[in-house]
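Colleague: Data: work23.tsv, TSV, C-alpha atoms.
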```
chain	number	residue	atom	x	y	z
Q	26	MET	CA	0.00	0.00	0.00
Q	27	SER	CA	2.86	2.39	0.76
Q	28	PHE	CA	4.19	1.80	-2.75
Q	29	LEU	CA	0.76	2.65	-4.15
Q	30	TYR	CA	0.49	5.83	-2.07
Q	31	ASN	CA	3.88	7.05	-3.29
Q	32	LEU	CA	2.88	6.89	-6.95
Q	33	ASN	CA	2.18	10.04	-8.94
Q	34	PRO	CA	-1.47	11.18	-8.52
Q	35	ILE	CA	-2.06	10.84	-12.27
Q	36	ILE	CA	-0.82	7.22	-12.20
Q	37	GLN	CA	-3.06	6.54	-9.21
Q	38	ALA	CA	-6.00	8.14	-11.03
Q	39	ILE	CA	-5.33	5.86	-14.01
Q	40	LEU	CA	-5.15	2.76	-11.79
Q	41	ALA	CA	-8.29	3.75	-9.88
Q	42	THR	CA	-10.35	4.40	-13.01
Q	43	ILE	CA	-9.07	1.20	-14.63
Q	44	PHE	CA	-10.46	-0.49	-11.51
Q	45	THR	CA	-13.86	1.21	-11.95
Q	46	TRP	CA	-13.83	0.23	-15.63
Q	47	SER	CA	-12.99	-3.39	-14.74
Q	48	VAL	CA	-15.98	-3.53	-12.37
Q	49	THR	CA	-18.16	-2.38	-15.26
Q	50	ALA	CA	-16.71	-5.25	-17.29
Q	51	ILE	CA	-17.42	-7.74	-14.48
Q	52	GLY	CA	-21.01	-6.54	-14.37
Q	53	ALA	CA	-21.29	-6.89	-18.14
Q	54	ALA	CA	-19.81	-10.41	-17.90
Q	55	LEU	CA	-22.92	-11.62	-16.05
Q	56	VAL	CA	-24.45	-11.99	-19.50
Q	57	PHE	CA	-22.31	-15.15	-19.85
Q	58	MET	CA	-23.69	-16.70	-16.64
Q	59	PHE	CA	-27.31	-15.65	-16.30
Q	60	LYS	CA	-30.19	-14.95	-18.60
Q	61	LYS	CA	-31.74	-12.79	-15.92
Q	62	VAL	CA	-29.94	-11.14	-12.99
Q	63	ASN	CA	-31.68	-11.02	-9.60
Q	64	LYS	CA	-33.31	-7.60	-9.32
Q	65	ASN	CA	-33.02	-7.50	-5.52
Q	66	VAL	CA	-29.25	-7.87	-5.73
Q	67	LEU	CA	-28.91	-5.14	-8.35
Q	68	ASP	CA	-31.23	-2.74	-6.53
Q	69	SER	CA	-29.44	-3.23	-3.21
Q	70	MET	CA	-26.12	-2.48	-4.91
Q	71	LEU	CA	-27.61	0.65	-6.44
Q	72	GLY	CA	-28.87	1.71	-3.01
Q	73	ILE	CA	-25.46	1.21	-1.39
Q	74	SER	CA	-23.76	3.03	-4.27
Q	75	ALA	CA	-26.14	5.98	-3.90
Q	76	GLY	CA	-25.24	6.33	-0.22
Q	77	VAL	CA	-21.52	6.01	-0.91
Q	78	MET	CA	-21.63	8.64	-3.64
Q	79	ILE	CA	-23.68	11.11	-1.57
Q	80	ALA	CA	-21.16	10.88	1.28
Q	81	ALA	CA	-18.21	11.03	-1.11
Q	82	SER	CA	-19.64	14.13	-2.75
Q	83	PHE	CA	-19.24	16.00	0.51
Q	84	TRP	CA	-16.20	14.53	2.26
Q	85	SER	CA	-14.08	13.86	-0.83
Q	86	LEU	CA	-15.17	16.72	-3.07
Q	87	LEU	CA	-17.22	19.57	-1.56
Q	88	SER	CA	-15.32	19.85	1.73
Q	89	PRO	CA	-11.91	20.08	0.00
Q	90	SER	CA	-13.44	22.51	-2.51
Q	91	ILE	CA	-14.58	24.83	0.30
Q	92	ASN	CA	-11.23	24.58	2.10
Q	93	MET	CA	-9.22	25.40	-1.00
Q	94	ALA	CA	-11.48	28.28	-2.05
Q	95	LYS	CA	-10.94	29.69	1.44
Q	96	SER	CA	-7.14	29.29	1.23
Q	97	LEU	CA	-7.10	31.04	-2.15
Q	98	ASN	CA	-9.26	33.91	-0.81
Q	99	MET	CA	-12.03	33.16	-3.30
Q	100	ASN	CA	-15.72	33.87	-2.90
Q	101	ILE	CA	-16.58	30.48	-1.41
Q	102	ILE	CA	-20.34	30.71	-1.91
Q	103	LEU	CA	-20.03	31.78	-5.56
Q	104	VAL	CA	-17.28	29.34	-6.62
Q	105	VAL	CA	-18.63	26.25	-4.87
Q	106	SER	CA	-22.28	26.91	-5.75
Q	107	LEU	CA	-21.49	27.66	-9.37
Q	108	GLY	CA	-19.29	24.58	-9.70
Q	109	PHE	CA	-21.85	22.31	-8.04
Q	110	LEU	CA	-24.76	23.56	-10.16
Q	111	SER	CA	-22.66	23.43	-13.36
Q	112	GLY	CA	-21.91	19.74	-12.80
Q	113	GLY	CA	-25.58	18.92	-12.44
Q	114	LEU	CA	-26.58	21.20	-15.31
Q	115	LEU	CA	-24.23	19.47	-17.74
Q	116	LEU	CA	-25.85	16.10	-17.07
Q	117	PHE	CA	-29.32	17.68	-17.12
Q	118	ILE	CA	-28.67	18.99	-20.63
Q	119	GLY	CA	-27.27	15.62	-21.67
Q	120	ASP	CA	-30.41	13.89	-20.41
Q	121	LYS	CA	-32.66	16.34	-22.26
Q	122	VAL	CA	-30.80	15.78	-25.53
Q	123	THR	CA	-31.01	12.01	-25.06
Q	124	SER	CA	-34.73	12.19	-24.26
Q	125	LYS	CA	-35.48	14.26	-27.37
Q	126	LEU	CA	-33.75	11.71	-29.56
Q	127	GLN	CA	-35.67	8.88	-27.88
Q	128	ASN	CA	-39.02	10.67	-28.18
Q	129	LYS	CA	-38.78	10.82	-31.96
Q	130	GLY	CA	-40.21	7.31	-31.83
Q	131	GLY	CA	-39.88	4.34	-34.10
Q	132	LEU	CA	-36.33	3.62	-33.05
Q	133	SER	CA	-34.79	0.61	-34.72
Q	134	THR	CA	-32.95	-2.00	-32.68
Q	135	SER	CA	-29.59	-0.49	-33.61
Q	136	LYS	CA	-30.73	2.99	-32.54
Q	137	ARG	CA	-32.12	1.70	-29.23
Q	138	VAL	CA	-28.82	-0.05	-28.57
Q	139	LEU	CA	-26.88	3.10	-29.39
Q	140	MET	CA	-29.05	5.19	-27.07
Q	141	LEU	CA	-28.59	2.70	-24.24
Q	142	ILE	CA	-24.82	2.64	-24.56
Q	143	THR	CA	-24.61	6.42	-25.00
Q	144	SER	CA	-26.69	7.21	-21.90
Q	145	ILE	CA	-24.59	4.97	-19.64
Q	146	THR	CA	-21.36	6.26	-21.17
Q	147	LEU	CA	-22.31	9.90	-20.62
Q	148	HIS	CA	-22.94	9.20	-16.95
Q	149	ASN	CA	-19.54	7.56	-16.61
Q	150	ILE	CA	-17.66	10.68	-17.73
Q	151	PRO	CA	-18.28	12.79	-14.59
Q	152	GLU	CA	-17.57	9.75	-12.43
Q	153	GLY	CA	-14.13	9.34	-14.02
Q	154	LEU	CA	-13.60	13.09	-13.74
Q	155	ALA	CA	-14.50	12.99	-10.03
Q	156	VAL	CA	-11.91	10.28	-9.36
Q	157	GLY	CA	-9.21	12.13	-11.30
Q	158	VAL	CA	-9.94	15.40	-9.51
Q	159	ALA	CA	-9.91	13.64	-6.12
Q	160	PHE	CA	-6.45	12.20	-6.75
Q	161	GLY	CA	-5.08	15.39	-8.27
Q	162	SER	CA	-6.24	17.43	-5.26
Q	163	THR	CA	-4.19	15.31	-2.84
Q	164	LEU	CA	-1.07	17.19	-3.95
Q	165	TYR	CA	-2.23	20.29	-2.13
Q	166	GLY	CA	-2.71	18.68	1.28
Q	167	LEU	CA	-6.27	19.95	1.72
Q	168	ASP	CA	-8.44	18.86	4.63
Q	169	GLY	CA	-10.52	15.94	3.38
Q	170	ALA	CA	-8.34	15.47	0.28
Q	171	SER	CA	-6.38	12.30	0.97
Q	172	ILE	CA	-5.27	9.25	-0.96
Q	173	ILE	CA	-7.54	7.11	1.20
Q	174	SER	CA	-10.60	9.23	0.48
Q	175	ALA	CA	-9.76	9.26	-3.24
Q	176	TRP	CA	-9.47	5.47	-3.33
Q	177	THR	CA	-12.64	5.12	-1.27
Q	178	LEU	CA	-14.43	7.30	-3.81
Q	179	ALA	CA	-13.12	5.08	-6.62
Q	180	ILE	CA	-14.33	1.96	-4.81
Q	181	GLY	CA	-17.77	3.51	-4.31
Q	182	ILE	CA	-18.03	4.39	-7.99
Q	183	GLY	CA	-16.78	0.92	-8.88
Q	184	ILE	CA	-19.58	-0.67	-6.84
Q	185	GLN	CA	-22.26	1.24	-8.73
Q	186	ASN	CA	-20.56	0.44	-12.06
Q	187	PHE	CA	-21.28	-3.26	-11.56
Q	188	PRO	CA	-25.04	-3.00	-12.18
Q	189	GLU	CA	-24.41	-0.42	-14.92
Q	190	GLY	CA	-22.38	-2.95	-16.90
Q	191	THR	CA	-25.16	-5.48	-16.44
Q	192	ALA	CA	-27.77	-2.87	-17.38
Q	193	VAL	CA	-26.14	-2.58	-20.81
Q	194	SER	CA	-25.13	-6.18	-21.59
Q	195	VAL	CA	-28.36	-7.96	-20.52
Q	196	PRO	CA	-30.73	-5.78	-22.62
Q	197	LEU	CA	-28.37	-6.15	-25.58
Q	198	ARG	CA	-28.59	-9.90	-25.20
Q	199	ARG	CA	-32.39	-9.62	-25.23
Q	200	GLU	CA	-32.13	-7.56	-28.43
Q	201	GLY	CA	-30.50	-10.56	-30.11
Q	202	PHE	CA	-26.81	-9.74	-29.72
Q	203	SER	CA	-24.43	-12.63	-29.07
Q	204	ARG	CA	-23.10	-12.94	-25.51
Q	205	ARG	CA	-19.66	-11.79	-26.66
Q	206	LYS	CA	-21.00	-8.69	-28.38
Q	207	ALA	CA	-23.30	-7.87	-25.46
Q	208	PHE	CA	-20.32	-8.12	-23.08
Q	209	PHE	CA	-18.11	-6.05	-25.38
Q	210	TYR	CA	-20.54	-3.15	-25.58
Q	211	GLY	CA	-21.35	-3.43	-21.88
Q	212	GLN	CA	-17.74	-2.98	-20.79
Q	213	LEU	CA	-17.15	-0.39	-23.50
Q	214	SER	CA	-19.51	2.01	-21.70
Q	215	GLY	CA	-16.97	2.26	-18.87
Q	216	ILE	CA	-13.87	2.92	-20.97
Q	217	VAL	CA	-14.43	6.68	-20.77
Q	218	GLU	CA	-13.71	6.66	-17.02
Q	219	PRO	CA	-9.90	6.22	-17.28
Q	220	ILE	CA	-9.83	8.92	-19.98
Q	221	ALA	CA	-11.91	11.35	-17.92
Q	222	GLY	CA	-9.89	10.45	-14.81
Q	223	VAL	CA	-6.60	11.42	-16.42
Q	224	ILE	CA	-8.09	14.66	-17.75
Q	225	GLY	CA	-9.41	15.54	-14.29
Q	226	ALA	CA	-6.08	14.84	-12.58
Q	227	ILE	CA	-4.07	16.78	-15.18
Q	228	LEU	CA	-6.39	19.80	-14.98
Q	229	VAL	CA	-5.99	19.89	-11.21
Q	230	LEU	CA	-2.20	19.57	-11.36
Q	231	LYS	CA	-1.76	22.19	-14.07
Q	232	ILE	CA	-4.32	24.82	-13.09
Q	233	ARG	CA	-4.58	25.08	-9.30
Q	234	LEU	CA	-6.94	28.04	-9.38
Q	235	ILE	CA	-9.76	26.01	-10.96
Q	236	LEU	CA	-9.49	23.16	-8.44
Q	237	PRO	CA	-12.26	24.45	-6.10
Q	238	PHE	CA	-14.60	24.75	-9.09
Q	239	LEU	CA	-13.66	21.29	-10.46
Q	240	LEU	CA	-14.18	19.60	-7.11
Q	241	ALA	CA	-17.61	21.18	-6.72
Q	242	PHE	CA	-18.41	20.43	-10.39
Q	243	ALA	CA	-17.64	16.73	-9.88
Q	244	ALA	CA	-19.77	16.71	-6.72
Q	245	GLY	CA	-22.73	18.26	-8.54
Q	246	ALA	CA	-22.46	15.74	-11.37
Q	247	MET	CA	-22.36	12.84	-8.92
Q	248	ILE	CA	-25.36	14.06	-6.91
Q	249	TYR	CA	-27.32	14.46	-10.16
Q	250	VAL	CA	-26.55	10.84	-11.11
Q	251	VAL	CA	-27.62	9.68	-7.64
Q	252	VAL	CA	-30.91	11.62	-7.66
Q	253	GLU	CA	-31.77	11.04	-11.31
Q	254	GLU	CA	-30.63	7.45	-11.78
Q	255	LEU	CA	-29.52	5.42	-8.75
Q	256	ILE	CA	-32.17	6.19	-6.13
Q	257	PRO	CA	-35.20	6.12	-8.53
Q	258	GLU	CA	-34.00	2.82	-10.02
Q	259	SER	CA	-33.47	1.21	-6.62
Q	260	GLN	CA	-36.92	2.40	-5.54
Q	261	THR	CA	-38.62	0.40	-8.31
Q	262	ASN	CA	-38.04	-2.60	-6.05
Q	263	GLU	CA	-41.04	-3.97	-4.16
Q	264	SER	CA	-39.07	-3.57	-0.91
Q	265	LYS	CA	-38.58	0.19	-1.20
Q	266	ASP	CA	-37.95	0.66	2.51
Q	267	LEU	CA	-35.20	-1.96	2.52
Q	268	MET	CA	-33.53	-0.31	-0.48
Q	269	SER	CA	-33.61	3.01	1.41
Q	270	MET	CA	-31.79	1.33	4.29
Q	271	PHE	CA	-29.12	0.11	1.89
Q	272	THR	CA	-28.62	3.75	0.84
Q	273	LEU	CA	-28.11	4.72	4.48
Q	274	VAL	CA	-25.67	1.84	4.94
Q	275	GLY	CA	-23.67	3.00	1.92
Q	276	PHE	CA	-23.55	6.54	3.30
Q	277	VAL	CA	-22.32	5.35	6.71
Q	278	ILE	CA	-19.65	3.14	5.13
Q	279	MET	CA	-18.22	6.03	3.12
Q	280	MET	CA	-18.52	8.44	6.05
Q	281	LEU	CA	-16.64	6.13	8.39
Q	282	LEU	CA	-13.91	5.42	5.84
Q	283	ASP	CA	-13.40	9.12	5.20
Q	284	VAL	CA	-13.54	10.23	8.84
Q	285	LEU	CA	-11.70	7.36	10.54
Q	286	LEU	CA	-9.03	6.63	7.93
Q	287	GLU	CA	-7.88	10.18	7.20
```
Let me see the structure of the file written as structure tokens.

Modeller:
Amino acid sequence: MSFLYNLNPIIQAILATIFTWSVTAIGAALVFMFKKVNKNVLDSMLGISAGVMIAASFWSLLSPSINMAKSLNMNIILVVSLGFLSGGLLLFIGDKVTSKLQNKGGLSTSKRVLMLITSITLHNIPEGLAVGVAFGSTLYGLDGASIISAWTLAIGIGIQNFPEGTAVSVPLRREGFSRRKAFFYGQLSGIVEPIAGVIGAILVLKIRLILPFLLAFAAGAMIYVVVEELIPESQTNESKDLMSMFTLVGFVIMMLLDVLLE
């Protein structure tokens, strides 16, 4: 672990996002083993992931953003609020564009497949960016910005990538794709995370002044994904109350890791 901690933040961001991508691939690989994946398992994982990402948004992203804005004598309220809202707004616009294309109706199988892959891929970009920014920010020794919290964030994102990979590969299999092709496209949706992770880490290392904004931006994007995708999907389960408890468990896990292992 000490060897890992001593690596350059960009290298660590690459390793962390390769991990999150690999979890997407593992989720997509379920298409080889099952025709139908247990919904309770997937929904509970989504619930835990939602809790982890909510906690990570504050302790790993927003808190360091506030601390750095303060140290740079910036307008904390303006910078952090603008960054947070911008992250959510970007995904909001992306969802609107996707919805308009879907609402044209009469989509062929190939178009439905493309829309499915595109929607998951777009949501993976801010997740990769968040991991890259978290690792890049560790260089500045901010409160809440630590290697442990960055890796914990990556693990949390990895957990929620598992059902995402499955969410792509299983429907593709139902559309008539071979298991190999369904797996290929399922894992392909996560390949943007290492790319976005490197971009996030490099931006932080090269342009320190935009770090508070980037941290808040990544937090806003993550919260949007949680509210728009993870929680609503987990709440389609018949045991809604139990899924809510899984969200709380995920939050506590991330909170304890961030607070106790700093």

Colleague: Between Q:Met78, Q:Ile173, Q:Ile235, Q:Ala179, which one has atoms that come closest to Q:Leu97, using only C-alpha atoms?

Modeller: Q:Ile235

Colleague: Tell me, as a PyMOL selection string, which residues lie within 10 Å of stretch 103-106 of chain Q, counting only C-alpha atoms; anything in the same chain fewer than 5 positions away does not count.

Modeller: chain Q and resi 87-88+90-91+94+111+235+237-242+244-245

Colleague: With a distance cut-off of 8 Å and all atoms listed in the file, select the neighbouring residues of Q:Leu236, excluding the residue or stretch itself and same-chain residues fewer than 3 positions from it, and output the selection as a list of chain:residue names.

Modeller: Q:Ser90, Q:Met93, Q:Val158, Q:Ser162, Q:Leu228, Q:Val229, Q:Ile232, Q:Arg233, Q:Leu239, Q:Leu240

Colleague: Take the residues from that selection and write them out as a short mmCIF file (atom, residue, chain, number, x, y, z; two decimals), in the frame of the given file, keeping C-alpha atoms.

Modeller:
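And here is the file that came out, again-v8.cif:
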```cif
data_model
loop_
_atom_site.label_atom_id
_atom_site.label_comp_id
_atom_site.auth_asym_id
_atom_site.auth_seq_id
_atom_site.Cartn_x
_atom_site.Cartn_y
_atom_site.Cartn_z
CA SER Q 90 -13.44 22.51 -2.51
CA MET Q 93 -9.22 25.40 -1.00
CA VAL Q 158 -9.94 15.40 -9.51
CA SER Q 162 -6.24 17.43 -5.26
CA LEU Q 228 -6.39 19.80 -14.98
CA VAL Q 229 -5.99 19.89 -11.21
CA ILE Q 232 -4.32 24.82 -13.09
CA ARG Q 233 -4.58 25.08 -9.30
CA LEU Q 239 -13.66 21.29 -10.46
CA LEU Q 240 -14.18 19.60 -7.11
#
```

Colleague: Could you give me, as a list in words, the residues that sit within 8 Å of (-10.8, 13.1, -13.0) in the file's coordinates, counting only C-alpha atoms?

Modeller: Ala38, Pro151, Glu152, Gly153, Leu154, Ala155, Val156, Gly157, Val158, Ala159, Phe160, Gly161, Ala221, Gly222, Val223, Ile224, Gly225, Ala226 and Ile227 of chain Q

Colleague: Just the number, please: distance in Å from atom CA of Q:Leu255 to atom CA of Q:Ile182, one decimal.

Modeller: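 So the two atoms, atom CA of Q:Leu255 and atom CA of Q:Ile182, lie 11.6 Å apart.
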
Colleague: Please measure the separation of atom CA of Q:Val48 and atom CA of Q:Gly119, giving the value in Å to one decimal.

Modeller: 24.1 Å

Colleague: Name the closest residue to Q:Ala50 among the candidates Q:Thr272, Q:Ser96, Q:Asn262, Q:Ser214; distances are taken between atoms, counting all atoms listed in the file.

Modeller: Q:Ser214

Colleague: Please provide the set of residues having any atom within 10 Å of Q:Ile256, restricted to only C-alpha atoms, with same-chain residues fewer than 2 positions apart removed, written as number ranges by chain.

Modeller: Q: 68, 71-76, 250-254, 258-261, 268-269, 272

Colleague: From the list Q:Met270, Q:Ile150, Q:Ile79, Q:Val277, which residue is nearest Q:Leu116 when using all atoms listed in the file?

Modeller: Q:Ile150

Colleague: Complete the atom set of stretch 156-190 of chain Q to N, CA and C atoms and return it as a PDB file, in the coordinates of the input.

Modeller:
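Result file is part_6.pdb:
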```
ATOM      1  N   VAL Q 156     -13.035  11.052  -9.891  1.00  0.00           N
ATOM      2  CA  VAL Q 156     -11.910  10.280  -9.360  1.00  0.00           C
ATOM      3  C   VAL Q 156     -10.592  10.974  -9.672  1.00  0.00           C
ATOM      4  N   GLY Q 157     -10.440  11.438 -10.915  1.00  0.00           N
ATOM      5  CA  GLY Q 157      -9.210  12.130 -11.300  1.00  0.00           C
ATOM      6  C   GLY Q 157      -8.984  13.391 -10.494  1.00  0.00           C
ATOM      7  N   VAL Q 158     -10.036  14.167 -10.294  1.00  0.00           N
ATOM      8  CA  VAL Q 158      -9.940  15.400  -9.510  1.00  0.00           C
ATOM      9  C   VAL Q 158      -9.586  15.078  -8.060  1.00  0.00           C
ATOM     10  N   ALA Q 159     -10.189  14.023  -7.509  1.00  0.00           N
ATOM     11  CA  ALA Q 159      -9.910  13.640  -6.120  1.00  0.00           C
ATOM     12  C   ALA Q 159      -8.443  13.288  -5.924  1.00  0.00           C
ATOM     13  N   PHE Q 160      -7.872  12.560  -6.865  1.00  0.00           N
ATOM     14  CA  PHE Q 160      -6.450  12.200  -6.750  1.00  0.00           C
ATOM     15  C   PHE Q 160      -5.549  13.409  -6.989  1.00  0.00           C
ATOM     16  N   GLY Q 161      -5.887  14.211  -7.982  1.00  0.00           N
ATOM     17  CA  GLY Q 161      -5.080  15.390  -8.270  1.00  0.00           C
ATOM     18  C   GLY Q 161      -5.051  16.364  -7.103  1.00  0.00           C
ATOM     19  N   SER Q 162      -6.154  16.472  -6.373  1.00  0.00           N
ATOM     20  CA  SER Q 162      -6.240  17.430  -5.260  1.00  0.00           C
ATOM     21  C   SER Q 162      -5.406  17.028  -4.062  1.00  0.00           C
ATOM     22  N   THR Q 163      -4.990  15.759  -3.997  1.00  0.00           N
ATOM     23  CA  THR Q 163      -4.190  15.310  -2.840  1.00  0.00           C
ATOM     24  C   THR Q 163      -2.830  15.992  -2.794  1.00  0.00           C
ATOM     25  N   LEU Q 164      -2.374  16.503  -3.913  1.00  0.00           N
ATOM     26  CA  LEU Q 164      -1.070  17.190  -3.950  1.00  0.00           C
ATOM     27  C   LEU Q 164      -1.041  18.422  -3.071  1.00  0.00           C
ATOM     28  N   TYR Q 165      -2.190  19.026  -2.837  1.00  0.00           N
ATOM     29  CA  TYR Q 165      -2.230  20.290  -2.130  1.00  0.00           C
ATOM     30  C   TYR Q 165      -2.453  20.144  -0.630  1.00  0.00           C
ATOM     31  N   GLY Q 166      -2.585  18.909  -0.149  1.00  0.00           N
ATOM     32  CA  GLY Q 166      -2.710  18.680   1.280  1.00  0.00           C
ATOM     33  C   GLY Q 166      -3.930  19.313   1.912  1.00  0.00           C
ATOM     34  N   LEU Q 167      -5.045  19.336   1.188  1.00  0.00           N
ATOM     35  CA  LEU Q 167      -6.270  19.950   1.720  1.00  0.00           C
ATOM     36  C   LEU Q 167      -6.914  19.045   2.763  1.00  0.00           C
ATOM     37  N   ASP Q 168      -7.650  19.644   3.691  1.00  0.00           N
ATOM     38  CA  ASP Q 168      -8.440  18.860   4.630  1.00  0.00           C
ATOM     39  C   ASP Q 168      -9.490  18.090   3.850  1.00  0.00           C
ATOM     40  N   GLY Q 169      -9.534  16.775   4.079  1.00  0.00           N
ATOM     41  CA  GLY Q 169     -10.520  15.940   3.380  1.00  0.00           C
ATOM     42  C   GLY Q 169     -10.009  15.404   2.054  1.00  0.00           C
ATOM     43  N   ALA Q 170      -8.900  15.954   1.555  1.00  0.00           N
ATOM     44  CA  ALA Q 170      -8.340  15.470   0.280  1.00  0.00           C
ATOM     45  C   ALA Q 170      -7.166  14.550   0.602  1.00  0.00           C
ATOM     46  N   SER Q 171      -7.420  13.265   0.656  1.00  0.00           N
ATOM     47  CA  SER Q 171      -6.380  12.300   0.970  1.00  0.00           C
ATOM     48  C   SER Q 171      -6.418  11.148  -0.005  1.00  0.00           C
ATOM     49  N   ILE Q 172      -5.327  10.409  -0.081  1.00  0.00           N
ATOM     50  CA  ILE Q 172      -5.270   9.250  -0.960  1.00  0.00           C
ATOM     51  C   ILE Q 172      -6.341   8.240  -0.580  1.00  0.00           C
ATOM     52  N   ILE Q 173      -6.534   8.068   0.733  1.00  0.00           N
ATOM     53  CA  ILE Q 173      -7.540   7.110   1.200  1.00  0.00           C
ATOM     54  C   ILE Q 173      -8.931   7.503   0.735  1.00  0.00           C
ATOM     55  N   SER Q 174      -9.269   8.789   0.890  1.00  0.00           N
ATOM     56  CA  SER Q 174     -10.600   9.230   0.480  1.00  0.00           C
ATOM     57  C   SER Q 174     -10.772   9.127  -1.031  1.00  0.00           C
ATOM     58  N   ALA Q 175      -9.688   9.376  -1.782  1.00  0.00           N
ATOM     59  CA  ALA Q 175      -9.760   9.260  -3.240  1.00  0.00           C
ATOM     60  C   ALA Q 175      -9.996   7.809  -3.661  1.00  0.00           C
ATOM     61  N   TRP Q 176      -9.278   6.884  -3.016  1.00  0.00           N
ATOM     62  CA  TRP Q 176      -9.470   5.470  -3.330  1.00  0.00           C
ATOM     63  C   TRP Q 176     -10.842   4.980  -2.882  1.00  0.00           C
ATOM     64  N   THR Q 177     -11.305   5.497  -1.744  1.00  0.00           N
ATOM     65  CA  THR Q 177     -12.640   5.120  -1.270  1.00  0.00           C
ATOM     66  C   THR Q 177     -13.701   5.583  -2.258  1.00  0.00           C
ATOM     67  N   LEU Q 178     -13.522   6.779  -2.787  1.00  0.00           N
ATOM     68  CA  LEU Q 178     -14.430   7.300  -3.810  1.00  0.00           C
ATOM     69  C   LEU Q 178     -14.432   6.391  -5.029  1.00  0.00           C
ATOM     70  N   ALA Q 179     -13.234   5.965  -5.454  1.00  0.00           N
ATOM     71  CA  ALA Q 179     -13.120   5.080  -6.620  1.00  0.00           C
ATOM     72  C   ALA Q 179     -13.819   3.746  -6.364  1.00  0.00           C
ATOM     73  N   ILE Q 180     -13.677   3.228  -5.147  1.00  0.00           N
ATOM     74  CA  ILE Q 180     -14.330   1.960  -4.810  1.00  0.00           C
ATOM     75  C   ILE Q 180     -15.847   2.122  -4.840  1.00  0.00           C
ATOM     76  N   GLY Q 181     -16.337   3.251  -4.295  1.00  0.00           N
ATOM     77  CA  GLY Q 181     -17.770   3.510  -4.310  1.00  0.00           C
ATOM     78  C   GLY Q 181     -18.326   3.590  -5.725  1.00  0.00           C
ATOM     79  N   ILE Q 182     -17.604   4.278  -6.596  1.00  0.00           N
ATOM     80  CA  ILE Q 182     -18.030   4.390  -7.990  1.00  0.00           C
ATOM     81  C   ILE Q 182     -17.951   3.024  -8.673  1.00  0.00           C
ATOM     82  N   GLY Q 183     -16.913   2.259  -8.314  1.00  0.00           N
ATOM     83  CA  GLY Q 183     -16.780   0.920  -8.880  1.00  0.00           C
ATOM     84  C   GLY Q 183     -17.972   0.041  -8.531  1.00  0.00           C
ATOM     85  N   ILE Q 184     -18.434   0.119  -7.276  1.00  0.00           N
ATOM     86  CA  ILE Q 184     -19.580  -0.670  -6.840  1.00  0.00           C
ATOM     87  C   ILE Q 184     -20.810  -0.390  -7.701  1.00  0.00           C
ATOM     88  N   GLN Q 185     -21.055   0.914  -7.952  1.00  0.00           N
ATOM     89  CA  GLN Q 185     -22.260   1.240  -8.730  1.00  0.00           C
ATOM     90  C   GLN Q 185     -22.054   0.983 -10.220  1.00  0.00           C
ATOM     91  N   ASN Q 186     -20.806   0.775 -10.653  1.00  0.00           N
ATOM     92  CA  ASN Q 186     -20.560   0.440 -12.060  1.00  0.00           C
ATOM     93  C   ASN Q 186     -20.940  -1.004 -12.372  1.00  0.00           C
ATOM     94  N   PHE Q 187     -20.949  -1.846 -11.339  1.00  0.00           N
ATOM     95  CA  PHE Q 187     -21.280  -3.260 -11.560  1.00  0.00           C
ATOM     96  C   PHE Q 187     -22.672  -3.417 -12.184  1.00  0.00           C
ATOM     97  N   PRO Q 188     -23.718  -2.875 -11.548  1.00  0.00           N
ATOM     98  CA  PRO Q 188     -25.040  -3.000 -12.180  1.00  0.00           C
ATOM     99  C   PRO Q 188     -25.172  -2.228 -13.482  1.00  0.00           C
ATOM    100  N   GLU Q 189     -24.349  -1.168 -13.656  1.00  0.00           N
ATOM    101  CA  GLU Q 189     -24.410  -0.420 -14.920  1.00  0.00           C
ATOM    102  C   GLU Q 189     -23.940  -1.298 -16.077  1.00  0.00           C
ATOM    103  N   GLY Q 190     -22.862  -2.043 -15.853  1.00  0.00           N
ATOM    104  CA  GLY Q 190     -22.380  -2.950 -16.900  1.00  0.00           C
ATOM    105  C   GLY Q 190     -23.422  -3.980 -17.260  1.00  0.00           C
TER     106      GLY Q 190
END
```
